[in-house]
Amino acid sequence: MFDYLIVGAGFAGSVMAERLASSGKKILIIDKRNHIGGNTYDYYDESGILVHKYGPHIFHTHSRDVYDYLSLFTDWRSYEHKVLAAVDGQLVPLPINLNTINTLYGLQLSTDQAEAFLKERAEKISPVKTSEDVVMGRVGKELYEKFFKGYTKKQWDLDPSQLDASVTARVPVRTNKDDRYFTDTYQVMPLHGYTNLFTKMLSHPNINIMLNTDYRDVITFVPHKYIIYTGPIDSYFDYCYGQLPYRSIEFRFETYDKDIFQPTGTVNYPNGQAYTRITEFKYLTGQQHKKTSVVYEFPKAEGDPYYPIPTAENAALYKKYQLLAETAPKTYFTGRLGTYKYYNMDQVIAQSLTLFKSIMKDQPIEMQA
Ligand code: FAD
Ligand code: UDP
């Protein structure tokens with residue numbers, strides 16, 4: 001008899017597995033894929049370069065709790081991610097900052113002048129409701145069209161005016177020269193990769209792992225007291241209210257016989273190309289190798305569900321599933337797919353740590369014999 005049957009061995013499910021196992025619970029964690037780690041899974045490709053199978057994963061968080069928790073399972077390397085965007089035939093820094101404006105327009109503005117420059121162009125929009133409103137309200141139409149309109153259309157197949165404000169609000173605008181993509185307190189990568197981290201996290205005697213298995217195929221045979229579900233919530237309820245839309249991506253990996261392919265970890269292509277961005281893994285991992293591997297991302301509708309799509313309509317549909325989830329007996333939902341939230345890794349980890357604490361309030365730690 002397992003105390004918990006956990007569906008999904010990504011961060012959401014694995015954090016639950018590790019925490020509950022460390023509290024004396026017997027766990028079975030199941031994933032339909034042939035590996036642990038969920039979308040953060042990494043592996044060494046044919047040339048021996050560490051790559052991320054489901055696209056580039058850069059760890060960043062403001063949360064000391066999340067950082068300390070993960071530090072139980074990995075050492076770190078410092079890494080501050082930098083992104084350039086291909087705009088008007090040049091590679092310019094993203095988020096838009098002082099250097100972006102100066103390079104793009106051939107100017108030499110100071111921070112104060114750049115603030116005035118943007119203020120003059122920014123549109124007065126109130127209330128800010130959509131992803132278009134956010135950017136137009138910060139930088140105005142021209143920069144919005146150069147950096148955001150085309151990229152967003154490619155990424156989501158939606159106009160920014162159809163997407164929740166939170167989507168483009170992820171990318172700030174700065175008038176100083178800070179060209180880091182993130183400003184979180186902790187910006188680090190697991191020293192030996194994500195799969196190594198997960199291997200340590202799940203190597204507890206109370207945890208049994210079952211891969212290559214859809215939970216539906218075994219759930220009736222495996223005795224268990226509770227379920228923790230981190231797959232797509234609409235699938236759990238057999239799409240009874242209809243499908244929740246997700247955005248997928250096709251990843252094209254290339255290895256080049258050269259040390260370096262591009263000047264930063266990621267180059268974004270807001271306009272023109274069918275792909276949104278190219279990421280070169282050696283920047284992220286710090287690996288030394290005479291060749292280099294990159295991934296191109298081609299967004300698409302069909303395929304693995306990677307991105308919940310933040311629109312008002314989808315939020316309303318999710319709400320209906322959430323109400324069902326709240327009444328599902330002895331079943332808990334967590335994670336990016338399980339709660340239909342456009343969450344980063346650290347948010348998913350924090351969400352599962354919070355769920356664990358609330359479960360523990362009801363079920364005290366079992367004493368080990
Ligand atoms: P997942 O990792 O998706 O795990 C869910 C697991 O459930 C999967 O392994 C799946 O196989 C399994 N499953 C589903 N249904 C079933 C079933 N029926 N039976 C058995 N198993 C099932 N976050 C960052 O912080 N930084 C980044 O740089 C970053 N980059 C990203 C880039 C891309 C392209 C994508 C798609 C996401 C990125 N993220 C990033 C987000 C990050 O991937 C997620 O926040 C995190 O991995 C979600 O973890 P999870 O456990 O909720 O979901
Ligand atoms: N975005 C954009 N242009 C860019 C980068 C981002 O329009 O060059 C918008 C786009 O809508 C994207 C969102 O901002 O989906 C969030 O970007 P982020 O880099 O955080 O996306 P993720 O890494 O989650 O794919």
# chains A, B, ... in the order shown; residues from 1 in each chain; ligands from 1
>>> closest_atom_pairs(of="chain A", to="ligand 2", cutoff="6 Å", atoms="only C-alpha atoms and all ligand atoms", output="CSV")
residue,atom,partner,partner_atom_place_in_ligand_line,distance
A:Phe147,CA,ligand 2,3 (N),5.1
A:Phe148,CA,ligand 2,7 (O),3.2
A:Lys149,CA,ligand 2,7 (O),5.9
A:Tyr151,CA,ligand 2,7 (O),4.5
A:Thr152,CA,ligand 2,11 (O),3.9
A:Gln155,CA,ligand 2,15 (O),5.8
A:Val167,CA,ligand 2,13 (C),5.1
A:Thr168,CA,ligand 2,14 (O),3.9
A:Arg170,CA,ligand 2,20 (O),5.2
A:Val171,CA,ligand 2,14 (O),5.8
A:Asn268,CA,ligand 2,8 (O),5.3
A:Pro270,CA,ligand 2,8 (O),5.6
>>> write_last_selection(atoms="N, CA and C atoms", output="tab-separated table (two decimals), in the first residue's frame")
chain	number	residue	atom	x	y	z
A	147	PHE	N	9.81	44.68	-31.01
A	147	PHE	CA	10.25	43.63	-30.08
A	147	PHE	C	9.16	42.64	-29.66
A	148	PHE	N	7.91	43.09	-29.62
A	148	PHE	CA	6.90	42.27	-28.95
A	148	PHE	C	5.79	41.73	-29.85
A	149	LYS	N	5.35	42.53	-30.79
A	149	LYS	CA	4.15	42.12	-31.54
A	149	LYS	C	4.37	40.82	-32.31
A	151	TYR	N	6.95	38.62	-32.10
A	151	TYR	CA	7.40	37.50	-31.26
A	151	TYR	C	6.20	36.85	-30.58
A	152	THR	N	5.33	37.69	-30.04
A	152	THR	CA	4.16	37.16	-29.31
A	152	THR	C	3.24	36.42	-30.26
A	155	GLN	N	4.89	33.10	-30.83
A	155	GLN	CA	4.92	32.24	-29.64
A	155	GLN	C	3.53	31.70	-29.29
A	167	VAL	N	1.74	38.28	-19.33
A	167	VAL	CA	2.66	37.57	-20.25
A	167	VAL	C	3.83	38.48	-20.66
A	168	THR	N	3.54	39.62	-21.27
A	168	THR	CA	4.66	40.49	-21.67
A	168	THR	C	5.24	41.24	-20.46
A	170	ARG	N	6.37	39.94	-18.03
A	170	ARG	CA	7.53	39.16	-17.58
A	170	ARG	C	8.84	39.82	-18.01
A	171	VAL	N	8.77	40.57	-19.12
A	171	VAL	CA	10.00	41.18	-19.65
A	171	VAL	C	9.99	42.67	-19.29
A	268	ASN	N	16.97	36.24	-29.50
A	268	ASN	CA	15.55	36.23	-29.87
A	268	ASN	C	15.36	36.77	-31.28
A	270	PRO	N	12.34	38.36	-33.02
A	270	PRO	CA	10.95	38.82	-32.94
A	270	PRO	C	10.25	38.84	-34.30
>>> residues_around(residues="A:Glu280", least_positions_apart="4", cutoff="10 Å", atoms="only C-alpha atoms", output="ChimeraX atom specification")
/A:51,56,253-255,260-267,284-285,292-296
>>> closest_residue(among="A:Asp179, A:Asp184, A:Asp259, A:Asp88", to="ligand 1", atoms="only C-alpha atoms and all ligand atoms")
A:Asp184
>>> residues_near_ligand(ligand="ligand 1", cutoff="6 Å", atoms="only C-alpha atoms and all ligand atoms", output="PDB file with N, CA and C atoms, in the first residue's frame")
ATOM      1  N   VAL A   7       1.543  11.541  -9.776  1.00  0.00           N
ATOM      2  CA  VAL A   7       1.571  11.521 -11.245  1.00  0.00           C
ATOM      3  C   VAL A   7       2.438  12.668 -11.739  1.00  0.00           C
ATOM      4  N   GLY A   8       3.556  12.324 -12.394  1.00  0.00           N
ATOM      5  CA  GLY A   8       4.439  13.337 -12.952  1.00  0.00           C
ATOM      6  C   GLY A   8       5.703  13.477 -12.120  1.00  0.00           C
ATOM      7  N   ALA A   9       6.859  13.279 -12.781  1.00  0.00           N
ATOM      8  CA  ALA A   9       8.145  13.358 -12.072  1.00  0.00           C
ATOM      9  C   ALA A   9       8.919  14.616 -12.429  1.00  0.00           C
ATOM     10  N   GLY A  10       8.173  15.710 -12.735  1.00  0.00           N
ATOM     11  CA  GLY A  10       8.806  17.024 -12.886  1.00  0.00           C
ATOM     12  C   GLY A  10       9.002  17.628 -11.498  1.00  0.00           C
ATOM     13  N   PHE A  11       9.281  18.935 -11.441  1.00  0.00           N
ATOM     14  CA  PHE A  11       9.512  19.564 -10.138  1.00  0.00           C
ATOM     15  C   PHE A  11       8.290  19.444  -9.235  1.00  0.00           C
ATOM     16  N   ALA A  12       7.086  19.652  -9.788  1.00  0.00           N
ATOM     17  CA  ALA A  12       5.891  19.647  -8.936  1.00  0.00           C
ATOM     18  C   ALA A  12       5.757  18.307  -8.218  1.00  0.00           C
ATOM     19  N   GLY A  13       5.847  17.212  -8.968  1.00  0.00           N
ATOM     20  CA  GLY A  13       5.665  15.880  -8.388  1.00  0.00           C
ATOM     21  C   GLY A  13       6.864  15.439  -7.565  1.00  0.00           C
ATOM     22  N   ILE A  30       4.962   8.241 -10.756  1.00  0.00           N
ATOM     23  CA  ILE A  30       4.784   7.650 -12.090  1.00  0.00           C
ATOM     24  C   ILE A  30       4.953   8.733 -13.151  1.00  0.00           C
ATOM     25  N   ASP A  31       5.673   8.415 -14.224  1.00  0.00           N
ATOM     26  CA  ASP A  31       5.711   9.355 -15.351  1.00  0.00           C
ATOM     27  C   ASP A  31       5.568   8.581 -16.650  1.00  0.00           C
ATOM     28  N   LYS A  32       4.854   9.160 -17.577  1.00  0.00           N
ATOM     29  CA  LYS A  32       4.663   8.448 -18.845  1.00  0.00           C
ATOM     30  C   LYS A  32       5.904   8.560 -19.739  1.00  0.00           C
ATOM     31  N   ARG A  33       6.746   9.522 -19.431  1.00  0.00           N
ATOM     32  CA  ARG A  33       7.997   9.627 -20.188  1.00  0.00           C
ATOM     33  C   ARG A  33       8.995   8.570 -19.679  1.00  0.00           C
ATOM     34  N   GLY A  38      10.754  15.842 -15.668  1.00  0.00           N
ATOM     35  CA  GLY A  38       9.736  16.596 -16.410  1.00  0.00           C
ATOM     36  C   GLY A  38      10.382  17.431 -17.505  1.00  0.00           C
ATOM     37  N   ASN A  39       9.925  18.645 -17.650  1.00  0.00           N
ATOM     38  CA  ASN A  39      10.422  19.492 -18.743  1.00  0.00           C
ATOM     39  C   ASN A  39      11.816  20.047 -18.503  1.00  0.00           C
ATOM     40  N   THR A  40      12.389  19.781 -17.349  1.00  0.00           N
ATOM     41  CA  THR A  40      13.745  20.296 -17.116  1.00  0.00           C
ATOM     42  C   THR A  40      14.819  19.244 -17.455  1.00  0.00           C
ATOM     43  N   TYR A  54      13.730  19.739 -23.431  1.00  0.00           N
ATOM     44  CA  TYR A  54      12.484  20.483 -23.651  1.00  0.00           C
ATOM     45  C   TYR A  54      12.718  21.990 -23.615  1.00  0.00           C
ATOM     46  N   GLY A  55      13.841  22.411 -24.184  1.00  0.00           N
ATOM     47  CA  GLY A  55      14.105  23.841 -24.264  1.00  0.00           C
ATOM     48  C   GLY A  55      14.899  24.335 -23.064  1.00  0.00           C
ATOM     49  N   PRO A  56      15.502  25.531 -23.239  1.00  0.00           N
ATOM     50  CA  PRO A  56      16.454  26.042 -22.244  1.00  0.00           C
ATOM     51  C   PRO A  56      15.797  26.347 -20.911  1.00  0.00           C
ATOM     52  N   HIS A  57      16.365  25.853 -19.828  1.00  0.00           N
ATOM     53  CA  HIS A  57      15.846  26.099 -18.483  1.00  0.00           C
ATOM     54  C   HIS A  57      16.883  26.815 -17.637  1.00  0.00           C
ATOM     55  N   ILE A  58      16.592  28.063 -17.339  1.00  0.00           N
ATOM     56  CA  ILE A  58      17.518  28.893 -16.558  1.00  0.00           C
ATOM     57  C   ILE A  58      16.899  29.119 -15.192  1.00  0.00           C
ATOM     58  N   PHE A  59      17.635  28.763 -14.158  1.00  0.00           N
ATOM     59  CA  PHE A  59      17.057  28.853 -12.823  1.00  0.00           C
ATOM     60  C   PHE A  59      17.281  30.250 -12.243  1.00  0.00           C
ATOM     61  N   THR A 213       5.017   4.960 -18.067  1.00  0.00           N
ATOM     62  CA  THR A 213       3.699   4.477 -17.633  1.00  0.00           C
ATOM     63  C   THR A 213       2.713   5.629 -17.498  1.00  0.00           C
ATOM     64  N   ASP A 214       1.596   5.498 -18.202  1.00  0.00           N
ATOM     65  CA  ASP A 214       0.491   6.428 -17.975  1.00  0.00           C
ATOM     66  C   ASP A 214      -0.218   5.973 -16.710  1.00  0.00           C
ATOM     67  N   TYR A 215      -0.458   6.902 -15.796  1.00  0.00           N
ATOM     68  CA  TYR A 215      -1.028   6.486 -14.502  1.00  0.00           C
ATOM     69  C   TYR A 215      -2.361   5.768 -14.663  1.00  0.00           C
ATOM     70  N   THR A 230       0.056  16.007 -11.236  1.00  0.00           N
ATOM     71  CA  THR A 230       0.740  17.184 -11.816  1.00  0.00           C
ATOM     72  C   THR A 230       0.664  17.204 -13.337  1.00  0.00           C
ATOM     73  N   GLY A 231      -0.149  16.340 -13.925  1.00  0.00           N
ATOM     74  CA  GLY A 231      -0.353  16.393 -15.381  1.00  0.00           C
ATOM     75  C   GLY A 231      -1.405  17.444 -15.718  1.00  0.00           C
ATOM     76  N   TYR A 306       3.092  22.529 -23.307  1.00  0.00           N
ATOM     77  CA  TYR A 306       4.171  23.204 -22.586  1.00  0.00           C
ATOM     78  C   TYR A 306       3.723  24.487 -21.884  1.00  0.00           C
ATOM     79  N   TYR A 307       2.906  25.277 -22.582  1.00  0.00           N
ATOM     80  CA  TYR A 307       2.517  26.578 -22.033  1.00  0.00           C
ATOM     81  C   TYR A 307       1.008  26.673 -21.859  1.00  0.00           C
ATOM     82  N   GLY A 335       1.453  22.168  -9.753  1.00  0.00           N
ATOM     83  CA  GLY A 335       2.311  22.250 -10.938  1.00  0.00           C
ATOM     84  C   GLY A 335       1.728  23.091 -12.060  1.00  0.00           C
ATOM     85  N   ARG A 336       2.555  23.275 -13.080  1.00  0.00           N
ATOM     86  CA  ARG A 336       2.207  24.168 -14.192  1.00  0.00           C
ATOM     87  C   ARG A 336       1.011  23.637 -14.981  1.00  0.00           C
ATOM     88  N   LEU A 337       0.949  22.326 -15.164  1.00  0.00           N
ATOM     89  CA  LEU A 337      -0.161  21.733 -15.906  1.00  0.00           C
ATOM     90  C   LEU A 337      -1.327  21.419 -14.970  1.00  0.00           C
ATOM     91  N   TYR A 343       3.858  29.154 -14.834  1.00  0.00           N
ATOM     92  CA  TYR A 343       4.798  29.274 -13.728  1.00  0.00           C
ATOM     93  C   TYR A 343       6.225  28.924 -14.161  1.00  0.00           C
ATOM     94  N   ASN A 344       7.173  29.648 -13.593  1.00  0.00           N
ATOM     95  CA  ASN A 344       8.582  29.265 -13.707  1.00  0.00           C
ATOM     96  C   ASN A 344       8.872  28.131 -12.728  1.00  0.00           C
ATOM     97  N   MET A 345      10.054  27.539 -12.870  1.00  0.00           N
ATOM     98  CA  MET A 345      10.418  26.413 -11.993  1.00  0.00           C
ATOM     99  C   MET A 345      10.291  26.773 -10.514  1.00  0.00           C
ATOM    100  N   ASP A 346      10.829  27.932 -10.128  1.00  0.00           N
ATOM    101  CA  ASP A 346      10.828  28.267  -8.692  1.00  0.00           C
ATOM    102  C   ASP A 346       9.407  28.434  -8.161  1.00  0.00           C
ATOM    103  N   VAL A 348       6.792  26.770  -9.222  1.00  0.00           N
ATOM    104  CA  VAL A 348       6.247  25.411  -9.085  1.00  0.00           C
ATOM    105  C   VAL A 348       6.794  24.761  -7.808  1.00  0.00           C
TER     106      VAL A 348
END
>>> select_by_dssp(residues="stretch 101-258 of chain A", states="strand (DSSP E or B)", output="list in words")
Thr130, Asp164, Arg180, Tyr186, Gln187, Val188, Met189, Pro190, Ile207, Asn208, Ile209, Met210, His224, Lys225, Tyr226, Ile227, Ile228, Tyr229, Tyr246, Arg247, Ser248, Ile249, Glu250, Phe251, Arg252, Phe253, Glu254, Thr255 and Tyr256 of chain A
>>> closest_residue(among="A:Phe73, A:Leu197, A:Val87, A:Thr185", to="A:Tyr144", atoms="only C-alpha atoms")
A:Val87
>>> decode(residues="stretch 155-191 of chain A", atoms="N, CA and C atoms", output="mmCIF file, in the first residue's frame")
data_model
loop_
_atom_site.group_PDB
_atom_site.id
_atom_site.type_symbol
_atom_site.label_atom_id
_atom_site.label_comp_id
_atom_site.auth_asym_id
_atom_site.auth_seq_id
_atom_site.Cartn_x
_atom_site.Cartn_y
_atom_site.Cartn_z
ATOM 1 N N GLN A 155 4.888 33.099 -30.832
ATOM 2 C CA GLN A 155 4.917 32.245 -29.640
ATOM 3 C C GLN A 155 3.531 31.702 -29.294
ATOM 4 N N TRP A 156 2.517 32.539 -29.415
ATOM 5 C CA TRP A 156 1.192 32.154 -28.906
ATOM 6 C C TRP A 156 0.143 32.002 -30.004
ATOM 7 N N ASP A 157 0.480 32.422 -31.222
ATOM 8 C CA ASP A 157 -0.490 32.551 -32.300
ATOM 9 C C ASP A 157 -1.659 33.443 -31.868
ATOM 10 N N LEU A 158 -1.351 34.433 -31.075
ATOM 11 C CA LEU A 158 -2.351 35.414 -30.649
ATOM 12 C C LEU A 158 -1.717 36.793 -30.735
ATOM 13 N N ASP A 159 -2.550 37.793 -30.920
ATOM 14 C CA ASP A 159 -2.058 39.154 -30.835
ATOM 15 C C ASP A 159 -1.902 39.491 -29.342
ATOM 16 N N PRO A 160 -0.897 40.298 -28.981
ATOM 17 C CA PRO A 160 -0.723 40.644 -27.564
ATOM 18 C C PRO A 160 -1.994 41.222 -26.934
ATOM 19 N N SER A 161 -2.848 41.836 -27.750
ATOM 20 C CA SER A 161 -4.094 42.411 -27.195
ATOM 21 C C SER A 161 -5.051 41.319 -26.713
ATOM 22 N N GLN A 162 -4.788 40.064 -27.106
ATOM 23 C CA GLN A 162 -5.661 38.961 -26.679
ATOM 24 C C GLN A 162 -5.125 38.227 -25.448
ATOM 25 N N LEU A 163 -3.918 38.594 -25.028
ATOM 26 C CA LEU A 163 -3.270 37.871 -23.919
ATOM 27 C C LEU A 163 -3.277 38.692 -22.643
ATOM 28 N N ASP A 164 -3.363 37.997 -21.526
ATOM 29 C CA ASP A 164 -3.307 38.641 -20.228
ATOM 30 C C ASP A 164 -2.041 39.500 -20.095
ATOM 31 N N ALA A 165 -2.165 40.590 -19.352
ATOM 32 C CA ALA A 165 -1.041 41.522 -19.177
ATOM 33 C C ALA A 165 0.206 40.831 -18.602
ATOM 34 N N SER A 166 -0.008 39.794 -17.809
ATOM 35 C CA SER A 166 1.120 39.151 -17.128
ATOM 36 C C SER A 166 2.143 38.539 -18.084
ATOM 37 N N VAL A 167 1.743 38.282 -19.331
ATOM 38 C CA VAL A 167 2.659 37.574 -20.246
ATOM 39 C C VAL A 167 3.831 38.477 -20.658
ATOM 40 N N THR A 168 3.541 39.622 -21.266
ATOM 41 C CA THR A 168 4.661 40.493 -21.667
ATOM 42 C C THR A 168 5.242 41.239 -20.457
ATOM 43 N N ALA A 169 4.466 41.310 -19.371
ATOM 44 C CA ALA A 169 4.995 41.965 -18.154
ATOM 45 C C ALA A 169 6.169 41.185 -17.572
ATOM 46 N N ARG A 170 6.366 39.938 -18.026
ATOM 47 C CA ARG A 170 7.529 39.160 -17.577
ATOM 48 C C ARG A 170 8.838 39.816 -18.010
ATOM 49 N N VAL A 171 8.766 40.568 -19.119
ATOM 50 C CA VAL A 171 9.995 41.184 -19.653
ATOM 51 C C VAL A 171 9.990 42.669 -19.288
ATOM 52 N N PRO A 172 10.894 43.091 -18.399
ATOM 53 C CA PRO A 172 10.854 44.497 -17.956
ATOM 54 C C PRO A 172 11.415 45.461 -18.993
ATOM 55 N N VAL A 173 11.361 46.753 -18.704
ATOM 56 C CA VAL A 173 12.028 47.778 -19.518
ATOM 57 C C VAL A 173 12.893 48.580 -18.555
ATOM 58 N N ARG A 174 14.148 48.856 -18.983
ATOM 59 C CA ARG A 174 15.058 49.555 -18.073
ATOM 60 C C ARG A 174 15.677 50.764 -18.768
ATOM 61 N N THR A 175 16.032 51.742 -17.977
ATOM 62 C CA THR A 175 16.722 52.894 -18.572
ATOM 63 C C THR A 175 18.166 52.975 -18.076
ATOM 64 N N ASN A 176 18.610 51.968 -17.343
ATOM 65 C CA ASN A 176 20.039 51.868 -17.032
ATOM 66 C C ASN A 176 20.675 50.872 -18.015
ATOM 67 N N LYS A 177 21.917 50.449 -17.720
ATOM 68 C CA LYS A 177 22.597 49.572 -18.686
ATOM 69 C C LYS A 177 22.537 48.105 -18.276
ATOM 70 N N ASP A 178 21.712 47.787 -17.290
ATOM 71 C CA ASP A 178 21.616 46.403 -16.817
ATOM 72 C C ASP A 178 21.052 45.536 -17.950
ATOM 73 N N ASP A 179 21.882 44.635 -18.458
ATOM 74 C CA ASP A 179 21.412 43.823 -19.599
ATOM 75 C C ASP A 179 21.149 42.373 -19.209
ATOM 76 N N ARG A 180 20.950 42.118 -17.911
ATOM 77 C CA ARG A 180 20.601 40.755 -17.493
ATOM 78 C C ARG A 180 19.130 40.506 -17.784
ATOM 79 N N TYR A 181 18.816 39.258 -18.171
ATOM 80 C CA TYR A 181 17.413 38.959 -18.473
ATOM 81 C C TYR A 181 16.594 38.922 -17.187
ATOM 82 N N PHE A 182 17.241 38.470 -16.100
ATOM 83 C CA PHE A 182 16.549 38.375 -14.816
ATOM 84 C C PHE A 182 17.291 39.203 -13.775
ATOM 85 N N THR A 183 16.548 39.657 -12.753
ATOM 86 C CA THR A 183 17.209 40.395 -11.672
ATOM 87 C C THR A 183 17.032 39.686 -10.327
ATOM 88 N N ASP A 184 16.657 38.413 -10.357
ATOM 89 C CA ASP A 184 16.411 37.678 -9.106
ATOM 90 C C ASP A 184 17.674 37.622 -8.237
ATOM 91 N N THR A 185 17.425 37.452 -6.934
ATOM 92 C CA THR A 185 18.527 37.365 -5.970
ATOM 93 C C THR A 185 19.427 36.168 -6.287
ATOM 94 N N TYR A 186 18.806 35.030 -6.601
ATOM 95 C CA TYR A 186 19.575 33.814 -6.877
ATOM 96 C C TYR A 186 19.482 33.507 -8.365
ATOM 97 N N GLN A 187 20.612 33.554 -9.043
ATOM 98 C CA GLN A 187 20.650 33.210 -10.464
ATOM 99 C C GLN A 187 21.760 32.182 -10.629
ATOM 100 N N VAL A 188 21.364 30.934 -10.661
ATOM 101 C CA VAL A 188 22.327 29.828 -10.588
ATOM 102 C C VAL A 188 21.832 28.663 -11.433
ATOM 103 N N MET A 189 22.772 27.816 -11.835
ATOM 104 C CA MET A 189 22.393 26.590 -12.553
ATOM 105 C C MET A 189 22.927 25.401 -11.758
ATOM 106 N N PRO A 190 22.160 24.297 -11.736
ATOM 107 C CA PRO A 190 22.662 23.117 -11.026
ATOM 108 C C PRO A 190 23.983 22.659 -11.651
ATOM 109 N N LEU A 191 25.006 22.543 -10.810
ATOM 110 C CA LEU A 191 26.374 22.332 -11.314
ATOM 111 C C LEU A 191 26.487 21.119 -12.225
#
